[in-house]
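Next up, target_16.txt (compact mmCIF, C-alpha atoms and all ligand atoms):
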```txt
# COMPACT_ATOMS: atom_id res chain seq x y z
CA MET A 262 13.00 -10.20 14.79
CA THR A 263 13.50 -13.82 15.69
CA GLY A 264 11.03 -16.65 16.30
CA ASP A 265 7.72 -16.92 14.46
CA PRO A 266 7.75 -14.32 11.60
CA ALA A 267 3.97 -13.99 11.89
CA LEU A 268 4.60 -12.35 15.28
CA TRP A 269 7.34 -9.95 14.18
CA ASP A 270 6.72 -6.36 15.17
CA ALA A 271 8.97 -4.31 12.90
CA SER A 272 8.30 -0.95 14.55
CA ALA A 273 9.17 -2.28 18.03
CA ALA A 274 12.33 -3.94 16.69
CA PHE A 275 13.50 -0.76 14.96
CA ALA A 276 12.66 1.35 18.05
CA THR A 277 14.94 -0.91 20.09
CA LEU A 278 17.71 -0.47 17.51
CA ARG A 279 17.22 3.31 17.40
CA GLU A 280 17.57 3.57 21.19
CA ARG A 281 21.08 2.09 20.80
CA ALA A 282 22.13 4.15 17.77
CA PRO A 283 20.38 5.79 14.80
CA VAL A 284 22.68 4.02 12.33
CA GLN A 285 24.27 0.64 12.97
CA GLN A 286 25.41 -2.56 11.37
CA THR A 287 22.83 -5.28 11.92
CA VAL A 288 22.28 -8.94 11.12
CA LEU A 289 18.84 -9.22 9.56
CA PRO A 290 16.57 -12.27 9.36
CA GLY A 291 18.22 -14.45 6.68
CA GLU A 292 21.70 -13.63 8.12
CA LEU A 293 22.30 -10.69 5.80
CA VAL A 294 24.56 -8.03 7.27
CA ALA A 295 23.25 -4.54 6.48
CA TRP A 296 23.52 -1.04 7.86
CA VAL A 297 20.13 -0.06 9.23
CA VAL A 298 19.12 3.59 9.61
CA THR A 299 16.41 4.11 12.26
CA GLY A 300 16.73 7.81 13.28
CA ALA A 301 14.44 10.32 11.51
CA ALA A 302 17.14 12.91 10.72
CA GLU A 303 19.56 10.22 9.53
CA ALA A 304 16.84 8.54 7.43
CA ARG A 305 16.04 11.83 5.67
CA ALA A 306 19.73 12.39 4.96
CA ALA A 307 20.17 8.82 3.67
CA LEU A 308 17.08 8.93 1.42
CA ALA A 309 18.41 12.11 -0.22
CA ASP A 310 22.05 10.96 -0.54
CA PRO A 311 23.02 10.15 -4.17
CA ARG A 312 26.04 8.16 -2.91
CA LEU A 313 23.55 5.54 -1.73
CA ALA A 314 22.75 3.96 -5.09
CA TYR A 315 19.70 1.85 -5.98
CA ASP A 316 21.58 0.16 -8.82
CA MET A 317 23.94 -2.45 -7.41
CA ARG A 318 25.74 -2.66 -10.77
CA ARG A 319 27.41 0.63 -9.90
CA LEU A 320 29.46 -1.07 -7.16
CA PRO A 321 33.01 -2.00 -8.19
CA ASP A 322 32.03 -5.62 -7.45
CA PRO A 323 28.22 -5.96 -7.81
CA CYS A 324 28.16 -9.07 -5.61
CA GLN A 325 30.10 -7.34 -2.86
CA GLY A 326 27.02 -5.69 -1.33
CA PHE A 327 25.25 -8.96 -0.74
CA GLY A 328 28.39 -10.84 0.28
CA GLY A 329 28.16 -12.75 -3.01
CA ARG A 330 24.57 -13.87 -2.61
CA ARG A 331 21.05 -12.59 -2.96
CA TYR A 332 19.04 -11.71 0.09
CA PRO A 333 15.82 -13.76 0.19
CA ASP A 334 13.56 -10.70 0.34
CA ASP A 335 15.38 -8.97 -2.48
CA LEU A 336 12.29 -8.86 -4.65
CA PHE A 337 12.01 -5.26 -5.70
CA SER A 338 15.74 -4.98 -6.33
CA ALA A 339 15.99 -8.16 -8.31
CA GLU A 340 13.22 -8.39 -10.90
CA GLY A 341 14.58 -6.96 -14.15
CA ARG A 342 15.20 -3.25 -14.65
CA HIS A 343 12.82 -0.82 -13.06
CA LEU A 344 12.57 2.36 -11.01
CA LEU A 345 13.73 0.87 -7.74
CA ASN A 346 16.98 -0.51 -9.13
CA SER A 347 17.96 2.38 -11.38
CA ASP A 348 19.55 5.76 -10.74
CA GLY A 349 20.24 8.98 -12.63
CA THR A 350 19.12 9.41 -16.25
CA ASP A 351 17.56 5.93 -16.64
CA HIS A 352 15.50 6.52 -13.53
CA ARG A 353 14.48 10.06 -14.61
CA ARG A 354 13.40 8.76 -18.04
CA LEU A 355 11.01 6.24 -16.44
CA ARG A 356 9.70 8.73 -13.86
CA THR A 357 9.02 11.36 -16.55
CA LEU A 358 6.83 8.86 -18.37
CA LEU A 359 4.84 8.00 -15.25
CA ALA A 360 4.45 11.50 -13.78
CA PRO A 361 1.40 12.70 -15.81
CA LEU A 362 -0.28 9.27 -15.56
CA LEU A 363 -0.39 9.34 -11.74
CA SER A 364 -0.73 13.11 -11.21
CA GLY A 365 -3.28 14.74 -8.88
CA ALA A 366 -5.65 15.50 -11.79
CA ALA A 367 -5.37 11.96 -13.20
CA THR A 368 -5.91 10.47 -9.73
CA ARG A 369 -8.99 12.54 -8.84
CA GLN A 370 -10.83 11.14 -11.88
CA TRP A 371 -10.71 7.74 -10.17
CA ARG A 372 -12.53 8.81 -7.01
CA PRO A 373 -16.06 7.85 -8.25
CA TYR A 374 -14.75 4.41 -9.25
CA MET A 375 -13.09 4.06 -5.82
CA ASP A 376 -16.37 4.94 -4.06
CA THR A 377 -18.43 2.54 -6.20
CA THR A 378 -15.99 -0.31 -5.62
CA CYS A 379 -16.04 0.32 -1.85
CA SER A 380 -19.86 0.18 -1.90
CA GLU A 381 -19.96 -3.07 -3.88
CA LEU A 382 -17.56 -4.80 -1.51
CA LEU A 383 -19.33 -3.47 1.59
CA ASP A 384 -22.71 -4.67 0.25
CA ALA A 385 -21.26 -8.18 -0.05
CA MET A 386 -19.80 -7.93 3.47
CA ALA A 387 -23.19 -6.86 4.84
CA GLN A 388 -24.79 -9.98 3.35
CA ALA A 389 -22.18 -12.24 4.92
CA GLU A 390 -22.26 -10.58 8.36
CA HIS A 391 -18.93 -12.22 9.31
CA ALA A 392 -16.09 -10.98 7.15
CA ASP A 393 -12.33 -10.58 6.87
CA ILE A 394 -11.19 -7.00 6.25
CA VAL A 395 -8.15 -8.24 4.30
CA ALA A 396 -9.75 -10.75 1.92
CA ASP A 397 -13.22 -9.21 1.63
CA TYR A 398 -12.38 -5.53 1.50
CA ALA A 399 -8.86 -4.06 1.55
CA ARG A 400 -7.21 -6.47 -0.87
CA PRO A 401 -9.93 -6.70 -3.55
CA LEU A 402 -10.30 -2.93 -3.34
CA ALA A 403 -6.56 -2.31 -3.79
CA VAL A 404 -6.42 -4.87 -6.61
CA ARG A 405 -9.44 -3.56 -8.54
CA VAL A 406 -8.50 0.11 -8.26
CA THR A 407 -4.80 -0.40 -9.04
CA ALA A 408 -5.73 -2.65 -12.00
CA ALA A 409 -8.18 -0.04 -13.32
CA ILE A 410 -5.63 2.80 -13.06
CA LEU A 411 -2.94 0.71 -14.75
CA GLY A 412 -5.35 -0.71 -17.36
CA ILE A 413 -5.05 -4.44 -16.60
CA PRO A 414 -7.87 -6.23 -18.46
CA PRO A 415 -10.40 -8.11 -16.28
CA GLY A 416 -9.75 -11.50 -17.98
CA PRO A 417 -6.22 -12.20 -16.72
CA LEU A 418 -6.59 -10.13 -13.51
CA PRO A 419 -7.56 -12.95 -11.08
CA ARG A 420 -4.63 -15.19 -12.09
CA LEU A 421 -2.25 -12.24 -12.24
CA THR A 422 -3.28 -11.28 -8.70
CA GLU A 423 -2.95 -14.84 -7.41
CA LEU A 424 0.55 -15.19 -8.84
CA THR A 425 1.65 -11.74 -7.68
CA LEU A 426 0.52 -12.40 -4.11
CA ALA A 427 2.24 -15.79 -4.09
CA VAL A 428 5.50 -14.25 -5.29
CA ILE A 429 5.57 -11.23 -2.96
CA GLY A 430 4.52 -13.34 0.04
CA ALA A 431 7.15 -16.05 -0.59
CA ARG A 432 9.66 -16.53 2.21
CA ASP A 433 12.20 -17.99 -0.27
CA PRO A 434 12.00 -16.39 -3.75
CA GLU A 435 14.39 -19.04 -5.08
CA ALA A 436 12.24 -22.07 -4.11
CA PRO A 437 11.32 -24.12 -7.23
CA GLY A 438 7.56 -23.51 -6.76
CA VAL A 439 8.13 -19.75 -6.56
CA ARG A 440 10.38 -19.74 -9.67
CA LYS A 441 7.66 -21.61 -11.57
CA ARG A 442 5.06 -19.06 -10.56
CA LYS A 443 7.37 -16.20 -11.55
CA THR A 444 7.80 -17.71 -15.02
CA GLU A 445 4.03 -17.95 -15.44
CA LEU A 446 3.57 -14.45 -13.98
CA PHE A 447 6.01 -12.78 -16.36
CA GLY A 448 4.58 -14.76 -19.31
CA LEU A 449 1.15 -13.38 -18.42
CA TRP A 450 2.51 -9.84 -18.17
CA ALA A 451 4.20 -10.20 -21.58
CA ARG A 452 0.86 -11.22 -23.14
CA ILE A 453 -1.04 -8.35 -21.49
CA LEU A 454 1.56 -5.79 -22.58
CA ARG A 455 1.68 -7.13 -26.16
CA GLU A 456 -2.08 -6.58 -26.47
CA LYS A 457 -2.16 -3.04 -25.04
CA PRO A 458 -1.12 -1.04 -28.17
CA ARG A 459 -3.66 -2.99 -30.29
CA ASP A 460 -6.52 -1.46 -28.31
CA PRO A 461 -5.01 1.80 -27.05
CA LYS A 462 -6.64 3.40 -24.01
CA ASP A 463 -5.75 6.34 -21.80
CA ASP A 464 -4.18 4.10 -19.14
CA VAL A 465 -0.71 3.62 -17.66
CA LEU A 466 0.11 0.29 -19.34
CA THR A 467 -0.97 1.51 -22.81
CA GLN A 468 1.26 4.59 -22.45
CA LEU A 469 4.19 2.44 -21.28
CA ALA A 470 3.68 -0.05 -24.13
CA LEU A 471 3.52 2.79 -26.68
CA ALA A 472 6.70 4.32 -25.20
CA HIS A 473 8.35 0.92 -25.68
CA LYS A 474 7.26 0.86 -29.34
CA LYS A 475 8.84 4.30 -29.81
CA GLY A 476 12.08 3.02 -28.25
CA HIS A 477 11.87 5.06 -25.03
CA VAL A 478 11.54 2.00 -22.76
CA THR A 479 13.33 -1.35 -23.21
CA ALA A 480 11.39 -4.64 -23.27
CA GLU A 481 12.89 -5.60 -19.89
CA GLU A 482 11.96 -2.23 -18.34
CA LEU A 483 8.41 -2.45 -19.70
CA LEU A 484 7.85 -5.83 -18.08
CA SER A 485 9.41 -5.07 -14.74
CA VAL A 486 7.98 -1.54 -14.38
CA ALA A 487 4.50 -3.02 -15.00
CA TRP A 488 5.10 -5.75 -12.39
CA GLY A 489 6.57 -3.20 -9.95
CA LEU A 490 3.57 -0.88 -10.30
CA PHE A 491 1.04 -3.63 -9.67
CA SER A 492 2.86 -5.53 -6.90
CA GLY A 493 4.25 -2.35 -5.32
CA GLY A 494 0.76 -0.84 -5.45
CA ILE A 495 -1.52 -3.57 -4.12
CA SER A 496 0.60 -4.81 -1.23
CA PRO A 497 1.16 -1.58 0.78
CA THR A 498 -2.30 -0.23 -0.04
CA THR A 499 -3.88 -3.40 1.37
CA THR A 500 -1.68 -3.14 4.46
CA LEU A 501 -2.54 0.54 4.95
CA ILE A 502 -6.31 0.06 4.73
CA THR A 503 -6.29 -3.06 6.92
CA SER A 504 -3.94 -1.81 9.63
CA ALA A 505 -5.64 1.61 9.67
CA ALA A 506 -9.00 -0.13 10.16
CA VAL A 507 -7.56 -2.10 13.11
CA GLU A 508 -6.27 1.17 14.60
CA LEU A 509 -9.74 2.74 14.25
CA LEU A 510 -11.36 -0.32 15.81
CA ARG A 511 -8.93 0.04 18.73
CA HIS A 512 -9.56 3.81 19.07
CA PRO A 513 -13.20 4.51 18.05
CA HIS A 514 -12.91 8.21 19.03
CA LEU A 515 -10.61 8.74 16.01
CA ARG A 516 -13.45 7.93 13.62
CA ARG A 517 -14.90 11.44 14.08
CA HIS A 518 -12.12 12.64 11.76
CA LEU A 519 -13.76 10.65 8.95
CA ARG A 520 -16.78 12.97 8.88
CA GLN A 521 -15.12 15.50 6.57
CA GLU A 522 -12.84 14.90 3.62
CA ALA A 523 -10.11 17.30 4.82
CA THR A 524 -9.85 15.81 8.33
CA ALA A 525 -10.21 12.26 6.96
CA SER A 526 -7.29 12.88 4.65
CA ARG A 527 -5.15 14.19 7.55
CA LEU A 528 -6.09 11.10 9.57
CA THR A 529 -4.97 8.86 6.69
CA ASP A 530 -1.65 10.66 6.58
CA GLU A 531 -1.08 10.22 10.31
CA LEU A 532 -2.02 6.53 10.04
CA LEU A 533 0.48 6.22 7.18
CA ARG A 534 3.17 7.50 9.55
CA LEU A 535 2.16 5.14 12.32
CA ILE A 536 1.73 2.05 10.14
CA SER A 537 4.47 2.64 7.53
CA PRO A 538 3.19 -0.15 5.22
CA PHE A 539 6.72 -0.70 3.88
CA PRO A 540 8.66 -0.96 7.16
CA VAL A 541 11.94 -0.59 5.25
CA SER A 542 13.11 1.07 2.04
CA VAL A 543 14.60 -1.01 -0.75
CA TRP A 544 18.31 -1.79 -0.62
CA ARG A 545 20.81 0.94 -1.26
CA PHE A 546 24.49 0.37 -1.95
CA ALA A 547 27.19 2.71 -0.60
CA LEU A 548 29.32 4.00 -3.48
CA ASP A 549 31.70 5.70 -1.02
CA ASP A 550 32.53 5.79 2.69
CA ILE A 551 29.55 7.72 4.09
CA PRO A 552 29.57 9.41 7.51
CA LEU A 553 26.08 9.20 9.02
CA GLY A 554 24.67 9.39 12.54
CA GLY A 555 28.09 9.52 14.22
CA THR A 556 29.43 6.45 12.42
CA LEU A 557 30.96 5.61 9.03
CA ILE A 558 29.15 3.37 6.55
CA PRO A 559 31.94 1.77 4.51
CA GLU A 560 31.91 1.76 0.70
CA GLY A 561 30.17 -1.34 -0.70
CA SER A 562 27.79 -1.75 2.26
CA VAL A 563 24.12 -2.64 1.91
CA VAL A 564 22.01 0.05 3.56
CA LEU A 565 18.36 -0.19 4.59
CA ILE A 566 16.34 2.76 5.82
CA ALA A 567 13.86 1.67 8.45
CA LEU A 568 10.93 3.90 7.50
CA THR A 569 8.85 2.67 10.42
CA GLY A 570 11.76 3.39 12.79
CA ALA A 571 12.19 6.93 11.45
CA ASN A 572 8.43 7.55 11.49
CA ARG A 573 8.30 6.76 15.21
CA ASP A 574 11.41 8.67 16.22
CA PRO A 575 10.34 10.76 19.26
CA ALA A 576 12.94 13.38 18.29
CA LEU A 577 10.66 14.36 15.39
CA PHE A 578 7.31 12.92 16.47
CA PRO A 579 6.66 13.42 20.23
CA GLN A 580 4.59 10.54 21.69
CA PRO A 581 5.18 8.65 18.44
CA ASP A 582 2.82 5.74 19.19
CA THR A 583 -0.18 8.07 19.57
CA VAL A 584 -2.38 8.93 16.58
CA ASN A 585 -2.46 12.72 16.26
CA PRO A 586 -3.79 13.93 12.89
CA ASP A 587 -2.73 17.50 13.69
CA ARG A 588 0.98 16.78 13.43
CA ASN A 589 2.36 18.69 10.49
CA LYS A 590 5.81 17.14 10.19
CA GLY A 591 6.40 15.15 7.04
CA HIS A 592 6.62 11.37 7.48
CA LEU A 593 8.63 9.00 5.32
CA ALA A 594 6.04 6.29 4.61
CA PHE A 595 6.27 7.09 0.87
CA GLY A 596 10.04 7.63 0.92
CA LEU A 597 11.68 10.93 -0.05
CA GLY A 598 13.49 12.57 -2.94
CA ALA A 599 13.89 11.25 -6.47
CA HIS A 600 12.31 7.85 -5.67
CA TYR A 601 9.36 9.27 -3.68
CA CYS A 602 6.42 6.91 -4.30
CA PRO A 603 4.67 7.86 -7.56
CA GLY A 604 1.53 6.04 -6.31
CA ALA A 605 1.23 8.19 -3.16
CA LEU A 606 -1.73 10.25 -4.41
CA PRO A 607 -3.96 7.32 -5.50
CA ALA A 608 -2.98 5.30 -2.41
CA ARG A 609 -3.86 8.15 -0.04
CA LEU A 610 -7.13 8.90 -1.83
CA LEU A 611 -8.18 5.25 -1.88
CA ALA A 612 -7.36 4.68 1.79
CA THR A 613 -9.37 7.76 2.80
CA ALA A 614 -12.35 6.64 0.69
CA ALA A 615 -12.07 3.07 2.02
CA LEU A 616 -11.93 3.96 5.73
CA THR A 617 -14.73 6.52 5.44
CA ALA A 618 -17.01 4.06 3.62
CA LEU A 619 -16.18 1.17 5.98
CA PHE A 620 -16.97 2.98 9.23
CA THR A 621 -19.94 4.92 7.84
CA THR A 622 -21.55 1.73 6.54
CA PHE A 623 -20.76 -0.34 9.63
CA PRO A 624 -20.69 1.88 12.75
CA ASP A 625 -20.85 -1.28 14.90
CA LEU A 626 -17.97 -3.09 13.17
CA HIS A 627 -15.91 -5.11 15.64
CA LEU A 628 -13.20 -7.77 15.74
CA THR A 629 -14.37 -11.31 16.40
CA VAL A 630 -11.00 -12.38 17.83
CA PRO A 631 -8.80 -10.71 20.45
CA GLU A 632 -6.34 -8.31 18.82
CA SER A 633 -3.48 -10.45 20.17
CA ALA A 634 -4.67 -13.28 17.86
CA LEU A 635 -4.00 -11.27 14.66
CA ARG A 636 -0.99 -12.57 12.70
CA ARG A 637 1.28 -10.80 10.22
CA GLN A 638 2.34 -12.04 6.79
CA GLY A 639 5.83 -12.78 8.10
CA VAL A 640 7.88 -11.11 5.36
CA LEU A 641 9.46 -7.74 6.02
CA ILE A 642 8.32 -6.14 2.76
CA GLU A 643 4.82 -7.65 3.23
CA HIS A 644 4.21 -6.80 6.88
CA GLY A 645 0.41 -6.55 6.86
CA TYR A 646 -2.04 -8.81 8.71
CA GLN A 647 -2.91 -12.22 7.28
CA CYS A 648 -6.58 -11.74 8.10
CA VAL A 649 -8.71 -9.50 10.30
CA PRO A 650 -12.01 -11.26 11.13
CA VAL A 651 -14.86 -8.89 11.92
CA ARG A 652 -18.55 -8.82 12.43
CA THR A 653 -20.37 -6.02 10.66
CA ARG A 654 -23.27 -5.64 13.09
CA SER A 655 -23.53 -5.67 16.87
CA ALA A 656 -24.70 -8.92 18.48
CA GLN A 657 -27.82 -7.08 19.76
CA ALA A 658 -28.76 -6.01 16.23
CA THR A 659 -28.74 -9.62 15.02
CA GLY A 660 -30.02 -11.16 18.23
CA THR A 661 -27.02 -13.56 18.40
CA SER A 662 -23.82 -13.69 20.40
CA THR A 663 -20.29 -13.47 18.89
C1 LIG B 701 0.05 2.96 0.96
C2 LIG B 701 0.52 2.66 -0.21
C3 LIG B 701 1.96 2.82 -0.63
C4 LIG B 701 3.09 2.98 0.14
C5 LIG B 701 3.20 3.07 1.64
C6 LIG B 701 4.21 3.07 -0.78
C7 LIG B 701 5.53 3.26 -0.38
C8 LIG B 701 6.57 3.47 -1.25
C9 LIG B 701 7.93 3.81 -0.84
C10 LIG B 701 8.39 3.94 0.60
C11 LIG B 701 8.66 3.96 -1.97
C12 LIG B 701 10.14 4.35 -2.04
C13 LIG B 701 11.03 3.17 -1.77
C14 LIG B 701 12.47 3.55 -1.65
O1 LIG B 701 12.90 4.65 -2.06
O2 LIG B 701 13.22 2.72 -1.12
C15 LIG B 701 7.79 3.69 -3.09
C16 LIG B 701 8.18 3.70 -4.39
C17 LIG B 701 7.37 3.29 -5.41
N1 LIG B 701 6.01 3.05 -5.34
FE1 LIG B 701 4.85 3.13 -3.73
N2 LIG B 701 3.74 2.94 -2.05
C18 LIG B 701 2.37 2.80 -2.02
C19 LIG B 701 1.50 2.69 -3.08
C20 LIG B 701 1.89 2.62 -4.38
C21 LIG B 701 1.00 2.49 -5.50
C22 LIG B 701 -0.53 2.45 -5.42
C23 LIG B 701 1.80 2.38 -6.61
C24 LIG B 701 1.40 2.22 -8.05
C25 LIG B 701 0.26 2.55 -8.58
C26 LIG B 701 3.19 2.48 -6.17
C27 LIG B 701 4.29 2.39 -7.00
C28 LIG B 701 5.58 2.69 -6.59
C29 LIG B 701 6.71 2.70 -7.51
C30 LIG B 701 6.69 2.38 -9.00
C31 LIG B 701 7.83 3.08 -6.76
C32 LIG B 701 9.26 3.28 -7.26
C33 LIG B 701 9.53 4.75 -7.47
C34 LIG B 701 10.94 5.08 -7.84
O3 LIG B 701 11.86 4.31 -7.54
O4 LIG B 701 11.14 6.13 -8.45
N3 LIG B 701 3.20 2.63 -4.82
N4 LIG B 701 6.51 3.40 -2.62
```
Let me see the file written as C-alpha cells.
Ligand code: HEM
Amino acid sequence: MTGDPALWDASAAFATLRERAPVQQTVLPGELVAWVVTGAAEARAALADPRLAYDMRRLPDPCQGFGGRRYPDDLFSAEGRHLLNSDGTDHRRLRTLLAPLLSGAATRQWRPYMDTTCSELLDAMAQAEHADIVADYARPLAVRVTAAILGIPPGPLPRLTELTLAVIGARDPEAPGVRKRKTELFGLWARILREKPRDPKDDVLTQLALAHKKGHVTAEELLSVAWGLFSGGISPTTTLITSAAVELLRHPHLRRHLRQEATASRLTDELLRLISPFPVSVWRFALDDIPLGGTLIPEGSVVLIALTGANRDPALFPQPDTVNPDRNKGHLAFGLGAHYCPGALPARLLATAALTALFTTFPDLHLTVPESALRRQGVLIEHGYQCVPVRTRSAQATGTST
C-alpha cells in the first residue's frame, strides 16, 4: 500500500502478503513495524489468543509496542478507556452492560424504523435522479439508525456526526485541526451524556449513563464507550452498504437473493466476508513469545489481524473473490471471541434492509462513472468509497443520456 491512499486495495495487498507467509513482520503505511496475520487459520487462532492483549498498559514497557510513538491510525486504541483497549474483567463488565441493549430481541424492534428511514432517503434520491450512494443513502441511514439505537438526541446529531467523520477520516490524528475537533467532539459527548439520566429512556446511552451514576462505569469509560459505539458503528455500516451496493451493481444476477429475507440475509453475510469493512482488527500487543503460522511473534510486538486477508484465504474460502451466499463457513468480518462485534446484529439487519429497499425501489440503478473512477477514503480503518455517483432511472425512462 504505497502511492495514492485513495487507490489502496487492502484485500489485494493482504492477499500478496498471505501468498508469502500467513504471519510476517511488515512495515505499514506510516512506517510502523507490525506483525500482520493474513491466513484464515492463523487469524482465528490469534483472535482467540488471550496472550495478544488489547490493553497496551499490560506490556512491561507500554511504549515498547509502538517503538515509543503512536501510530497515526491508532484511533480506536487511543481514545480513553473502552472495549477495544481493555481486557479481562474490565472488558467483561462493559460487555455485560451492553449485551441486553444490542441483543437479537432489542435489534428486531428497530426493523420498522430501519425500513421507514430507507424509504425516506430513497424518496429524496428519486426526486434528485442523480445521487451519491454514500452521502445520500448509506451514511445518513447508518447515522440515523445508530443514533436512534444509542439514543443520541436529534439536536446535536448533525454536529456530532460532522466531527466524528472528520476525526475518523483524519490521516494525522495529531494535527492541530484534528485535536481541536476532538476537543469539541468530546465536549459535545459530555453534554449529551450529562442530560441522559434527566430524561431517562430505554436506550443504550441512558443505560450507560445510569450505570455510571451507580458507579459501574467510570466517567472516562462512559465517554469513550459512547464515542466508540457511534464512530465504530457508522463507519463500517456505511462501508458495508456502499460497497455491497457496488458489488450488486457489478453483478446484477445476485440481486435475486434480495427477494426473500432469508436469502437476502445470507447474501449480506457473504458480502460482509468479501468486503470486510474493517480490513484489519485493532492493535494487539504480544504479552509473550507466541508461535504462530510457522514463525515466532516476539513478546512486546504489535500484531494486526488482516480480517480481509483471512476472509479471502482460499484455504477456507475456495474461489474467494466470488460471491457465493451458500458458503457456510464463518467469516471474521465482525472479529471473533470475547471482542466479537456487539453491533453485528443491527449492522447485518440494517444492511439487508438497505440493499433490499435500494434495488427494489430502483431496479435500473446504475453508476454514472466507470468503476475504475471510484476512490477510497485512504485510511486503513476507514476503507470505504468516498462517493458512488449513480443515476436512479435508466436514460430511456427519462428520455436523456447519462
Ligand atoms: C458492518 C458493520 C460492522 C462491522 C464490520 C464491525 C466490525 C467489528 C470488528 C471486526 C470488531 C472487533 C475488532 C477487534 O477485535 O479487533 C468490532 C468490535 C466492536 N464493534 Fe463493530 N462492526 C460493525 C458495526 C458496529 C455497530 C453498528 C456498532 C455499534 C452499534 C459496533 C460497535 C462495536 C464495538 C463497541 C466493538 C468493540 C467490542 C469489544 O471490544 O468487545 N460495531 N466491530
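Of note, atom CA of A:Gln285 and atom CA of A:Leu641 are spaced 18.4 Å apart.
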Record the distance separating atom CA of A:Pro603 and atom CA of A:Asn585, expressed in Å with one decimal. 25.3 Å
Return as a Markdown table the residues of chain A lying at most 7 Å from ligand LIG 701 (chain B), together with the closest atom-to-atom pair for each and the distance in Å to one decimal, counting only C-alpha atoms and all ligand atoms, with rows in chain order and ascending residue number.
```
| residue | atom | partner | partner_atom | distance |
| --- | --- | --- | --- | --- |
| A:Leu308 | CA | B:LIG701 | O1 | 6.9 |
| A:Leu344 | CA | B:LIG701 | O3 | 4.0 |
| A:Leu345 | CA | B:LIG701 | O3 | 3.9 |
| A:His352 | CA | B:LIG701 | O4 | 6.7 |
| A:Arg356 | CA | B:LIG701 | O4 | 6.2 |
| A:Thr407 | CA | B:LIG701 | C25 | 5.9 |
| A:Val486 | CA | B:LIG701 | C30 | 6.8 |
| A:Gly489 | CA | B:LIG701 | C30 | 5.7 |
| A:Leu490 | CA | B:LIG701 | C24 | 4.4 |
| A:Phe491 | CA | B:LIG701 | C24 | 6.1 |
| A:Gly493 | CA | B:LIG701 | C26 | 5.0 |
| A:Gly494 | CA | B:LIG701 | C21 | 3.3 |
| A:Ile495 | CA | B:LIG701 | C22 | 6.2 |
| A:Pro497 | CA | B:LIG701 | C2 | 4.4 |
| A:Thr498 | CA | B:LIG701 | C2 | 4.0 |
| A:Leu501 | CA | B:LIG701 | C1 | 5.3 |
| A:Leu533 | CA | B:LIG701 | C5 | 6.9 |
| A:Ser537 | CA | B:LIG701 | C5 | 6.0 |
| A:Pro538 | CA | B:LIG701 | C5 | 4.8 |
| A:Phe539 | CA | B:LIG701 | C5 | 5.6 |
| A:Ser542 | CA | B:LIG701 | O2 | 3.6 |
| A:Val543 | CA | B:LIG701 | O2 | 4.0 |
| A:Trp544 | CA | B:LIG701 | O2 | 6.8 |
| A:Leu593 | CA | B:LIG701 | C10 | 6.9 |
| A:Ala594 | CA | B:LIG701 | C10 | 5.2 |
| A:Phe595 | CA | B:LIG701 | C10 | 3.8 |
| A:Gly596 | CA | B:LIG701 | C10 | 4.1 |
| A:Leu597 | CA | B:LIG701 | O1 | 6.7 |
| A:Ala599 | CA | B:LIG701 | O4 | 6.1 |
| A:His600 | CA | B:LIG701 | O4 | 3.5 |
| A:Tyr601 | CA | B:LIG701 | C12 | 5.2 |
| A:Cys602 | CA | B:LIG701 | C16 | 3.7 |
| A:Pro603 | CA | B:LIG701 | C28 | 5.3 |
| A:Gly604 | CA | B:LIG701 | C21 | 3.7 |
| A:Ala605 | CA | B:LIG701 | C19 | 5.5 |
| A:Pro607 | CA | B:LIG701 | C22 | 6.0 |
| A:Ala608 | CA | B:LIG701 | C22 | 4.8 |
| A:Arg609 | CA | B:LIG701 | C1 | 6.6 |
```
For atom CA of A:Gly591 and atom CA of A:Glu531, quote the distance in Å rounded to one decimal. 9.5 Å
All residues 7 Å or closer to A:Thr613, all atoms listed in the file, same chain fewer than 4 positions away omitted, as a count of residues only: 5
Please determine, counting only C-alpha atoms, which residue among A:Thr500, A:Arg636, A:Arg455, A:Val406 has the shortest atom-to-atom distance to A:Arg372.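 The shortest atom-to-atom distance to A:Arg372 comes from A:Val406.
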For a cutoff of 7 Å around the file-coordinate point (-5.1, -5.6, 3.6), which residues qualify once you count all atoms listed in the file? I'd like the result as a ChimeraX atom specification. /A:394-395,399-400,499-503,645-646
